[in-house]
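Containing PDB, C-alpha atoms: entry34.pdb.
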ATOM      1  CA  MET A   1      58.872  -4.777   4.079  1.00  0.00           C
ATOM      2  CA  THR A   2      58.764  -2.079   6.711  1.00  0.00           C
ATOM      3  CA  ASN A   3      54.984  -2.025   7.133  1.00  0.00           C
ATOM      4  CA  THR A   4      54.131  -2.941  10.694  1.00  0.00           C
ATOM      5  CA  ALA A   5      50.341  -2.972  10.304  1.00  0.00           C
ATOM      6  CA  PRO A   6      48.764  -6.303  11.234  1.00  0.00           C
ATOM      7  CA  THR A   7      47.581  -6.882   7.695  1.00  0.00           C
ATOM      8  CA  ARG A   8      48.276  -5.366   4.325  1.00  0.00           C
ATOM      9  CA  THR A   9      45.956  -4.773   1.441  1.00  0.00           C
ATOM     10  CA  LEU A  10      46.408  -4.826  -2.289  1.00  0.00           C
ATOM     11  CA  VAL A  11      43.925  -2.729  -4.268  1.00  0.00           C
ATOM     12  CA  ILE A  12      43.479  -2.694  -8.030  1.00  0.00           C
ATOM     13  CA  GLU A  13      40.904  -0.407  -9.626  1.00  0.00           C
ATOM     14  CA  ARG A  14      39.878  -0.049 -13.244  1.00  0.00           C
ATOM     15  CA  GLU A  15      37.177   1.625 -15.272  1.00  0.00           C
ATOM     16  CA  MET A  16      35.547  -0.847 -17.630  1.00  0.00           C
ATOM     17  CA  PRO A  17      33.195   0.121 -20.466  1.00  0.00           C
ATOM     18  CA  HIS A  18      30.670  -2.556 -19.527  1.00  0.00           C
ATOM     19  CA  PRO A  19      27.586  -2.510 -17.303  1.00  0.00           C
ATOM     20  CA  PRO A  20      27.910  -3.940 -13.763  1.00  0.00           C
ATOM     21  CA  GLU A  21      25.477  -6.769 -14.594  1.00  0.00           C
ATOM     22  CA  LYS A  22      27.805  -8.104 -17.284  1.00  0.00           C
ATOM     23  CA  ILE A  23      30.912  -7.871 -15.118  1.00  0.00           C
ATOM     24  CA  TRP A  24      28.998  -9.558 -12.299  1.00  0.00           C
ATOM     25  CA  ARG A  25      28.368 -12.537 -14.575  1.00  0.00           C
ATOM     26  CA  ALA A  26      32.078 -12.802 -15.349  1.00  0.00           C
ATOM     27  CA  LEU A  27      32.810 -12.738 -11.627  1.00  0.00           C
ATOM     28  CA  THR A  28      30.170 -15.226 -10.506  1.00  0.00           C
ATOM     29  CA  GLN A  29      29.543 -17.804 -13.256  1.00  0.00           C
ATOM     30  CA  GLY A  30      31.906 -20.744 -13.016  1.00  0.00           C
ATOM     31  CA  PRO A  31      32.631 -21.254 -16.722  1.00  0.00           C
ATOM     32  CA  LEU A  32      33.226 -17.525 -17.179  1.00  0.00           C
ATOM     33  CA  ILE A  33      35.442 -17.337 -14.084  1.00  0.00           C
ATOM     34  CA  GLU A  34      37.487 -20.149 -15.568  1.00  0.00           C
ATOM     35  CA  GLU A  35      38.131 -18.098 -18.692  1.00  0.00           C
ATOM     36  CA  TRP A  36      39.952 -15.342 -16.872  1.00  0.00           C
ATOM     37  CA  LEU A  37      40.963 -16.750 -13.464  1.00  0.00           C
ATOM     38  CA  THR A  38      41.095 -20.529 -12.937  1.00  0.00           C
ATOM     39  CA  LYS A  39      39.017 -23.664 -12.913  1.00  0.00           C
ATOM     40  CA  ASN A  40      36.599 -23.548 -10.015  1.00  0.00           C
ATOM     41  CA  ASP A  41      33.447 -24.898  -8.437  1.00  0.00           C
ATOM     42  CA  PHE A  42      32.179 -21.495  -7.423  1.00  0.00           C
ATOM     43  CA  GLN A  43      28.498 -21.158  -6.603  1.00  0.00           C
ATOM     44  CA  PRO A  44      26.874 -17.782  -5.951  1.00  0.00           C
ATOM     45  CA  VAL A  45      25.754 -18.752  -2.450  1.00  0.00           C
ATOM     46  CA  VAL A  46      27.005 -17.153   0.752  1.00  0.00           C
ATOM     47  CA  GLY A  47      28.800 -19.772   2.836  1.00  0.00           C
ATOM     48  CA  HIS A  48      29.538 -21.963  -0.181  1.00  0.00           C
ATOM     49  CA  ARG A  49      33.013 -23.465   0.075  1.00  0.00           C
ATOM     50  CA  PHE A  50      34.817 -23.904  -3.194  1.00  0.00           C
ATOM     51  CA  ASN A  51      38.222 -24.162  -4.804  1.00  0.00           C
ATOM     52  CA  PHE A  52      40.095 -22.339  -7.454  1.00  0.00           C
ATOM     53  CA  ARG A  53      42.179 -24.948  -9.200  1.00  0.00           C
ATOM     54  CA  SER A  54      45.332 -23.963 -11.000  1.00  0.00           C
ATOM     55  CA  THR A  55      47.357 -26.304 -13.137  1.00  0.00           C
ATOM     56  CA  PRO A  56      48.927 -28.826 -10.755  1.00  0.00           C
ATOM     57  CA  VAL A  57      52.704 -28.870 -10.589  1.00  0.00           C
ATOM     58  CA  PRO A  58      54.993 -31.325  -8.764  1.00  0.00           C
ATOM     59  CA  ASN A  59      54.406 -31.100  -5.013  1.00  0.00           C
ATOM     60  CA  TRP A  60      51.494 -28.704  -5.343  1.00  0.00           C
ATOM     61  CA  ASP A  61      47.986 -29.650  -6.346  1.00  0.00           C
ATOM     62  CA  GLY A  62      47.194 -26.093  -7.367  1.00  0.00           C
ATOM     63  CA  VAL A  63      44.239 -25.738  -5.020  1.00  0.00           C
ATOM     64  CA  ILE A  64      43.128 -22.480  -3.402  1.00  0.00           C
ATOM     65  CA  ASP A  65      40.518 -22.924  -0.637  1.00  0.00           C
ATOM     66  CA  CYS A  66      37.727 -20.371  -0.675  1.00  0.00           C
ATOM     67  CA  GLU A  67      34.386 -19.540   0.867  1.00  0.00           C
ATOM     68  CA  VAL A  68      31.819 -17.053  -0.389  1.00  0.00           C
ATOM     69  CA  LEU A  69      31.558 -14.334   2.271  1.00  0.00           C
ATOM     70  CA  VAL A  70      29.527 -11.577   0.646  1.00  0.00           C
ATOM     71  CA  LEU A  71      27.191 -11.721  -2.328  1.00  0.00           C
ATOM     72  CA  ASP A  72      25.438  -8.488  -3.175  1.00  0.00           C
ATOM     73  CA  PRO A  73      24.385  -8.928  -6.825  1.00  0.00           C
ATOM     74  CA  ASN A  74      25.923  -6.536  -9.361  1.00  0.00           C
ATOM     75  CA  SER A  75      27.623  -4.675  -6.555  1.00  0.00           C
ATOM     76  CA  ARG A  76      29.807  -6.576  -4.119  1.00  0.00           C
ATOM     77  CA  LEU A  77      31.420 -10.025  -3.990  1.00  0.00           C
ATOM     78  CA  SER A  78      33.813 -11.301  -1.368  1.00  0.00           C
ATOM     79  CA  TYR A  79      35.483 -14.669  -0.820  1.00  0.00           C
ATOM     80  CA  SER A  80      38.203 -16.010   1.412  1.00  0.00           C
ATOM     81  CA  TRP A  81      41.394 -17.062  -0.318  1.00  0.00           C
ATOM     82  CA  GLY A  82      43.538 -19.630   1.436  1.00  0.00           C
ATOM     83  CA  THR A  83      46.622 -21.211  -0.022  1.00  0.00           C
ATOM     84  CA  MET A  84      49.863 -22.530   1.396  1.00  0.00           C
ATOM     85  CA  GLY A  85      49.113 -21.401   4.910  1.00  0.00           C
ATOM     86  CA  MET A  86      48.178 -17.866   3.990  1.00  0.00           C
ATOM     87  CA  GLU A  87      44.637 -16.754   4.708  1.00  0.00           C
ATOM     88  CA  SER A  88      43.392 -13.706   2.895  1.00  0.00           C
ATOM     89  CA  VAL A  89      40.185 -12.199   1.530  1.00  0.00           C
ATOM     90  CA  VAL A  90      39.350 -10.993  -1.968  1.00  0.00           C
ATOM     91  CA  THR A  91      36.574  -8.410  -2.322  1.00  0.00           C
ATOM     92  CA  TRP A  92      35.141  -7.065  -5.576  1.00  0.00           C
ATOM     93  CA  THR A  93      33.139  -3.837  -5.634  1.00  0.00           C
ATOM     94  CA  LEU A  94      31.303  -2.699  -8.757  1.00  0.00           C
ATOM     95  CA  THR A  95      30.138   0.909  -9.004  1.00  0.00           C
ATOM     96  CA  PRO A  96      28.156   2.118 -12.047  1.00  0.00           C
ATOM     97  CA  THR A  97      29.640   5.102 -13.859  1.00  0.00           C
ATOM     98  CA  LYS A  98      28.455   7.210 -16.790  1.00  0.00           C
ATOM     99  CA  ASP A  99      30.251   5.011 -19.322  1.00  0.00           C
ATOM    100  CA  GLY A 100      30.372   1.678 -17.577  1.00  0.00           C
ATOM    101  CA  THR A 101      31.636   0.407 -14.260  1.00  0.00           C
ATOM    102  CA  HIS A 102      34.319   1.212 -11.762  1.00  0.00           C
ATOM    103  CA  VAL A 103      35.801  -2.143 -10.738  1.00  0.00           C
ATOM    104  CA  ARG A 104      37.659  -2.341  -7.456  1.00  0.00           C
ATOM    105  CA  MET A 105      39.453  -5.502  -6.291  1.00  0.00           C
ATOM    106  CA  GLU A 106      40.815  -5.602  -2.777  1.00  0.00           C
ATOM    107  CA  HIS A 107      43.002  -8.503  -1.666  1.00  0.00           C
ATOM    108  CA  SER A 108      43.590  -8.094   2.038  1.00  0.00           C
ATOM    109  CA  GLY A 109      44.988 -10.050   4.899  1.00  0.00           C
ATOM    110  CA  PHE A 110      48.617 -10.469   3.983  1.00  0.00           C
ATOM    111  CA  ARG A 111      49.655 -11.008   7.519  1.00  0.00           C
ATOM    112  CA  SER A 112      52.669  -9.218   8.810  1.00  0.00           C
ATOM    113  CA  GLU A 113      53.614 -12.244  10.875  1.00  0.00           C
ATOM    114  CA  GLN A 114      55.466 -13.316   7.782  1.00  0.00           C
ATOM    115  CA  ASP A 115      57.716 -10.315   8.264  1.00  0.00           C
ATOM    116  CA  ALA A 116      58.168 -11.027  11.943  1.00  0.00           C
ATOM    117  CA  ALA A 117      58.857 -14.650  11.160  1.00  0.00           C
ATOM    118  CA  TYR A 118      61.497 -13.915   8.624  1.00  0.00           C
ATOM    119  CA  LYS A 119      63.259 -11.848  11.239  1.00  0.00           C
ATOM    120  CA  GLY A 120      63.538 -15.067  13.196  1.00  0.00           C
ATOM    121  CA  ALA A 121      60.761 -14.575  15.728  1.00  0.00           C
ATOM    122  CA  SER A 122      58.870 -17.739  14.873  1.00  0.00           C
ATOM    123  CA  TYR A 123      58.939 -20.776  12.695  1.00  0.00           C
ATOM    124  CA  GLY A 124      55.683 -21.314  10.832  1.00  0.00           C
ATOM    125  CA  TRP A 125      56.739 -19.382   7.775  1.00  0.00           C
ATOM    126  CA  THR A 126      59.292 -21.899   6.536  1.00  0.00           C
ATOM    127  CA  LYS A 127      56.663 -24.264   5.223  1.00  0.00           C
ATOM    128  CA  PHE A 128      54.823 -21.337   3.770  1.00  0.00           C
ATOM    129  CA  ILE A 129      57.876 -20.006   2.009  1.00  0.00           C
ATOM    130  CA  GLY A 130      58.979 -23.463   0.980  1.00  0.00           C
ATOM    131  CA  ASN A 131      55.743 -23.791  -0.920  1.00  0.00           C
ATOM    132  CA  LEU A 132      56.001 -20.449  -2.607  1.00  0.00           C
ATOM    133  CA  GLU A 133      57.612 -21.650  -5.789  1.00  0.00           C
ATOM    134  CA  ARG A 134      54.726 -24.015  -6.290  1.00  0.00           C
ATOM    135  CA  VAL A 135      52.341 -21.124  -5.992  1.00  0.00           C
ATOM    136  CA  VAL A 136      54.267 -19.101  -8.500  1.00  0.00           C
ATOM    137  CA  ALA A 137      54.479 -21.988 -10.928  1.00  0.00           C
ATOM    138  CA  GLY A 138      50.900 -23.032 -10.442  1.00  0.00           C
ATOM    139  CA  LEU A 139      49.167 -19.713 -10.760  1.00  0.00           C
ATOM    140  CA  ASP A 140      50.843 -18.931 -14.019  1.00  0.00           C
TER
ATOM    141  CA  MET B   1      66.139  -9.785  -7.359  1.00  0.00           C
ATOM    142  CA  GLN B   2      64.842 -12.237  -9.943  1.00  0.00           C
ATOM    143  CA  ALA B   3      68.068 -14.264 -10.074  1.00  0.00           C
ATOM    144  CA  VAL B   4      68.386 -14.259  -6.307  1.00  0.00           C
ATOM    145  CA  ALA B   5      64.803 -15.399  -5.895  1.00  0.00           C
ATOM    146  CA  GLU B   6      65.322 -18.118  -8.475  1.00  0.00           C
ATOM    147  CA  ASN B   7      68.245 -19.575  -6.537  1.00  0.00           C
ATOM    148  CA  VAL B   8      66.119 -19.644  -3.406  1.00  0.00           C
ATOM    149  CA  PHE B   9      63.200 -21.219  -5.279  1.00  0.00           C
ATOM    150  CA  LYS B  10      65.417 -23.931  -6.673  1.00  0.00           C
ATOM    151  CA  ALA B  11      67.056 -24.589  -3.339  1.00  0.00           C
ATOM    152  CA  LEU B  12      63.725 -24.990  -1.566  1.00  0.00           C
ATOM    153  CA  ALA B  13      61.953 -26.859  -4.355  1.00  0.00           C
ATOM    154  CA  ASP B  14      63.561 -30.093  -3.182  1.00  0.00           C
ATOM    155  CA  PRO B  15      61.733 -31.652  -0.217  1.00  0.00           C
ATOM    156  CA  THR B  16      64.915 -32.999   1.371  1.00  0.00           C
ATOM    157  CA  ARG B  17      66.600 -29.613   1.231  1.00  0.00           C
ATOM    158  CA  ARG B  18      63.462 -27.987   2.541  1.00  0.00           C
ATOM    159  CA  ALA B  19      63.459 -30.411   5.452  1.00  0.00           C
ATOM    160  CA  ILE B  20      67.106 -29.659   6.206  1.00  0.00           C
ATOM    161  CA  PHE B  21      66.482 -25.931   6.040  1.00  0.00           C
ATOM    162  CA  GLU B  22      63.380 -26.165   8.200  1.00  0.00           C
ATOM    163  CA  ARG B  23      65.274 -28.190  10.758  1.00  0.00           C
ATOM    164  CA  LEU B  24      68.040 -25.609  10.952  1.00  0.00           C
ATOM    165  CA  ALA B  25      65.496 -22.799  11.170  1.00  0.00           C
ATOM    166  CA  ARG B  26      63.603 -24.567  13.926  1.00  0.00           C
ATOM    167  CA  ASP B  27      66.368 -26.084  16.011  1.00  0.00           C
ATOM    168  CA  GLY B  28      69.287 -23.758  15.355  1.00  0.00           C
ATOM    169  CA  GLU B  29      72.837 -24.603  14.422  1.00  0.00           C
ATOM    170  CA  GLN B  30      73.617 -28.260  13.651  1.00  0.00           C
ATOM    171  CA  THR B  31      76.611 -30.308  12.604  1.00  0.00           C
ATOM    172  CA  VAL B  32      76.575 -32.238   9.359  1.00  0.00           C
ATOM    173  CA  HIS B  33      76.632 -35.395  11.449  1.00  0.00           C
ATOM    174  CA  ALA B  34      73.529 -34.418  13.385  1.00  0.00           C
ATOM    175  CA  LEU B  35      71.727 -33.469  10.180  1.00  0.00           C
ATOM    176  CA  THR B  36      72.718 -36.777   8.586  1.00  0.00           C
ATOM    177  CA  ASP B  37      71.441 -38.753  11.565  1.00  0.00           C
ATOM    178  CA  HIS B  38      67.991 -37.245  11.130  1.00  0.00           C
ATOM    179  CA  SER B  39      67.787 -37.163   7.359  1.00  0.00           C
ATOM    180  CA  GLY B  40      67.881 -40.847   6.468  1.00  0.00           C
ATOM    181  CA  ILE B  41      70.309 -40.162   3.625  1.00  0.00           C
ATOM    182  CA  SER B  42      74.087 -40.405   3.360  1.00  0.00           C
ATOM    183  CA  GLN B  43      76.445 -37.723   4.624  1.00  0.00           C
ATOM    184  CA  PRO B  44      77.731 -36.904   1.110  1.00  0.00           C
ATOM    185  CA  ALA B  45      74.116 -36.410   0.018  1.00  0.00           C
ATOM    186  CA  VAL B  46      73.444 -34.137   2.978  1.00  0.00           C
ATOM    187  CA  SER B  47      76.615 -32.180   2.213  1.00  0.00           C
ATOM    188  CA  LYS B  48      75.541 -31.769  -1.388  1.00  0.00           C
ATOM    189  CA  HIS B  49      72.153 -30.415  -0.333  1.00  0.00           C
ATOM    190  CA  LEU B  50      73.852 -28.066   2.116  1.00  0.00           C
ATOM    191  CA  GLY B  51      75.993 -26.808  -0.747  1.00  0.00           C
ATOM    192  CA  VAL B  52      72.895 -25.859  -2.729  1.00  0.00           C
ATOM    193  CA  LEU B  53      71.384 -24.140   0.305  1.00  0.00           C
ATOM    194  CA  LYS B  54      74.660 -22.296   0.845  1.00  0.00           C
ATOM    195  CA  HIS B  55      74.731 -21.142  -2.768  1.00  0.00           C
ATOM    196  CA  ALA B  56      71.273 -19.650  -2.220  1.00  0.00           C
ATOM    197  CA  LYS B  57      72.621 -18.045   0.969  1.00  0.00           C
ATOM    198  CA  LEU B  58      69.973 -19.886   2.968  1.00  0.00           C
ATOM    199  CA  VAL B  59      72.583 -21.399   5.280  1.00  0.00           C
ATOM    200  CA  ARG B  60      76.082 -20.559   6.383  1.00  0.00           C
ATOM    201  CA  HIS B  61      78.703 -22.728   7.994  1.00  0.00           C
ATOM    202  CA  ARG B  62      81.602 -22.514  10.392  1.00  0.00           C
ATOM    203  CA  ARG B  63      84.263 -25.041  11.183  1.00  0.00           C
ATOM    204  CA  GLU B  64      85.054 -26.108  14.702  1.00  0.00           C
ATOM    205  CA  GLY B  65      87.677 -28.800  15.011  1.00  0.00           C
ATOM    206  CA  ARG B  66      86.711 -31.582  12.658  1.00  0.00           C
ATOM    207  CA  GLU B  67      83.036 -30.651  12.624  1.00  0.00           C
ATOM    208  CA  THR B  68      81.259 -28.265  10.307  1.00  0.00           C
ATOM    209  CA  HIS B  69      78.306 -26.461  11.840  1.00  0.00           C
ATOM    210  CA  TYR B  70      75.478 -25.129   9.703  1.00  0.00           C
ATOM    211  CA  SER B  71      72.890 -22.512  10.597  1.00  0.00           C
ATOM    212  CA  ALA B  72      69.842 -21.111   8.764  1.00  0.00           C
ATOM    213  CA  GLN B  73      69.897 -17.629   7.278  1.00  0.00           C
ATOM    214  CA  PRO B  74      66.202 -16.817   7.045  1.00  0.00           C
ATOM    215  CA  GLN B  75      66.853 -13.274   5.844  1.00  0.00           C
ATOM    216  CA  ALA B  76      67.782 -14.877   2.518  1.00  0.00           C
ATOM    217  CA  LEU B  77      64.061 -15.489   2.090  1.00  0.00           C
ATOM    218  CA  ALA B  78      63.354 -11.776   1.964  1.00  0.00           C
ATOM    219  CA  PRO B  79      63.046 -11.583  -1.837  1.00  0.00           C
ATOM    220  CA  LEU B  80      60.296 -14.191  -1.713  1.00  0.00           C
ATOM    221  CA  ILE B  81      58.233 -12.578   0.971  1.00  0.00           C
ATOM    222  CA  ASP B  82      57.127  -9.619  -1.037  1.00  0.00           C
ATOM    223  CA  TRP B  83      53.617 -10.909  -1.523  1.00  0.00           C
ATOM    224  CA  MET B  84      52.307  -7.547  -2.462  1.00  0.00           C
ATOM    225  CA  SER B  85      54.376  -7.487  -5.611  1.00  0.00           C
ATOM    226  CA  PHE B  86      53.598 -11.119  -6.378  1.00  0.00           C
ATOM    227  CA  TYR B  87      49.851 -10.708  -6.111  1.00  0.00           C
ATOM    228  CA  GLY B  88      50.024  -7.274  -7.702  1.00  0.00           C
ATOM    229  CA  ALA B  89      51.406  -8.811 -10.889  1.00  0.00           C
ATOM    230  CA  PHE B  90      49.032 -11.755 -10.607  1.00  0.00           C
ATOM    231  CA  TRP B  91      45.870  -9.678 -10.323  1.00  0.00           C
ATOM    232  CA  ARG B  92      46.876  -7.157 -12.979  1.00  0.00           C
ATOM    233  CA  ASP B  93      47.299 -10.051 -15.379  1.00  0.00           C
ATOM    234  CA  ARG B  94      43.883 -11.423 -14.375  1.00  0.00           C
ATOM    235  CA  PHE B  95      42.296  -8.013 -14.817  1.00  0.00           C
ATOM    236  CA  ASP B  96      43.596  -7.974 -18.387  1.00  0.00           C
ATOM    237  CA  ARG B  97      42.103 -11.393 -18.989  1.00  0.00           C
ATOM    238  CA  LEU B  98      38.813 -10.313 -17.446  1.00  0.00           C
ATOM    239  CA  GLU B  99      38.658  -7.325 -19.774  1.00  0.00           C
ATOM    240  CA  ASN B 100      39.390  -9.539 -22.770  1.00  0.00           C
ATOM    241  CA  LEU B 101      36.597 -11.854 -21.714  1.00  0.00           C
ATOM    242  CA  LEU B 102      34.179  -8.954 -21.303  1.00  0.00           C
ATOM    243  CA  LYS B 103      34.941  -7.827 -24.866  1.00  0.00           C
ATOM    244  CA  ARG B 104      34.048 -11.297 -26.114  1.00  0.00           C
ATOM    245  CA  MET B 105      30.812 -11.504 -24.118  1.00  0.00           C
ATOM    246  CA  ASP B 106      27.619 -10.367 -25.828  1.00  0.00           C
ATOM    247  CA  ARG B 107      26.173  -8.117 -23.199  1.00  0.00           C
TER
END
So, in terms of C-alpha cells, how does the structure I just supplied come out?
Amino acid sequence: MTNTAPTRTLVIEREMPHPPEKIWRALTQGPLIEEWLTKNDFQPVVGHRFNFRSTPVPNWDGVIDCEVLVLDPNSRLSYSWGTMGMESVVTWTLTPTKDGTHVRMEHSGFRSEQDAAYKGASYGWTKFIGNLERVVAGLD
Amino acid sequence: MQAVAENVFKALADPTRRAIFERLARDGEQTVHALTDHSGISQPAVSKHLGVLKHAKLVRHRREGRETHYSAQPQALAPLIDWMSFYGAFWRDRFDRLENLLKRMDR
C-alpha cells in the first residue's frame, strides 16, 4: 500500500500450447467467455457496451460495466471494467510462440485515490469499500 | 488478515451499519443521540450496530459526561483495499479456467 503512482497495474502472463486464433475465440465469443469468466453480452465490436454478469447476491446485482476499447483480431483485446465505483481497463495481448501463444493480461487503473482516501483525505471510498464484500461474493 | 477482513465485511454488509459508518466518516465524531436522530431506528438498535462496528475496529468511542461519542477509524479498512491481491487471485483462477476450456475446444 505504499505505491504512490497514480494507477497500478496487475499483469498475468502464461504460455499456452494453443494457437492465438483459438485463444482469441475463447476471449471474444460470448458462450465461450461464459465458460471461463462470466455470463456476458460481449460483442466483438469496438465501442460496444456490455456487461459481465456474475451470480447476483443480496445487495449486489453482480454487474460489471464494460466497453470494448481495442479489437485487433488474434492479437489484442481491451475493454473497460467498471464495478462498484472503480474504473479500470483489462487488456489481453496474444503473441505467437514456437509451441503456442504467450498470453498477457493486464488489468490497470487501480486508482491510488483509494489509498489517499483511506488515509482520510476524502470520502468517496466508503461506498466503494462498503460494496466490496458483494464483489468478493459475486465474482466467486 | 482473513479473519480481520471477514469482520469488516460482516460489519459493512448491513446497509444500516454502512450508513452509520459512512456518516461518521463523512461528518466526523457524533454522539449516539445524533446518530439515532438521523438513522430512523431506536437508540438500542443504533448502539447494537455501533457495537458490531467497534468489534471490527471500524469505529471507536469516548465518553464525555453522559454522552458517548463515536468516530470512524477508516484505517481498519486497510485489509480490504488490497485490490491487487484480490484481482490477482481472481484472474489466476480465471486463467486456469480458460486453459481448461482451451483443452476442451477442438482447435
Cut-off 6 Å: closest chain B/chain A atom pairs per residue, using only C-alpha atoms, as CSV:
residue,atom,partner,partner_atom,distance
B:Phe9,CA,A:Glu133,CA,5.6
B:Leu12,CA,A:Gly130,CA,5.6
B:Pro74,CA,A:Tyr118,CA,5.7
B:Arg97,CA,A:Trp36,CA,5.0
B:Leu98,CA,A:Trp36,CA,5.2
From the list A:Asn51, A:Trp24, A:Glu34, A:Gln43, the nearest residue to Gly82 in chain A using all atoms listed in the file is A:Asn51
Query - Two-atom distance - CA of Arg60 in chain B, CA of Ala72 in chain B (Å) - result: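 For CA of Arg60 in chain B relative to CA of Ala72 in chain B, the distance reads 6.7 Å.
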task: Please indicate the distance in Å from CA of Ala56 in chain B to CA of Ala89 in chain B, rounded to one decimal place.
output: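 Separation between CA of Ala56 in chain B and CA of Ala89 in chain B: 24.2 Å.
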Expanded to explicit residues, what is the PyMOL selection byres ((chain B and resi 33) around 12) for this file, as a ChimeraX atom specification?
/B:29-32,34-47,66-70
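The closest residue to Val68 in chain A, picked from A:Phe50, A:Lys39, A:Thr83, A:Thr55 and counting only C-alpha atoms, is A:Phe50.
Across the structure, CA of Asp41 in chain A and CA of Gly88 in chain B are spaced 24.2 Å apart.
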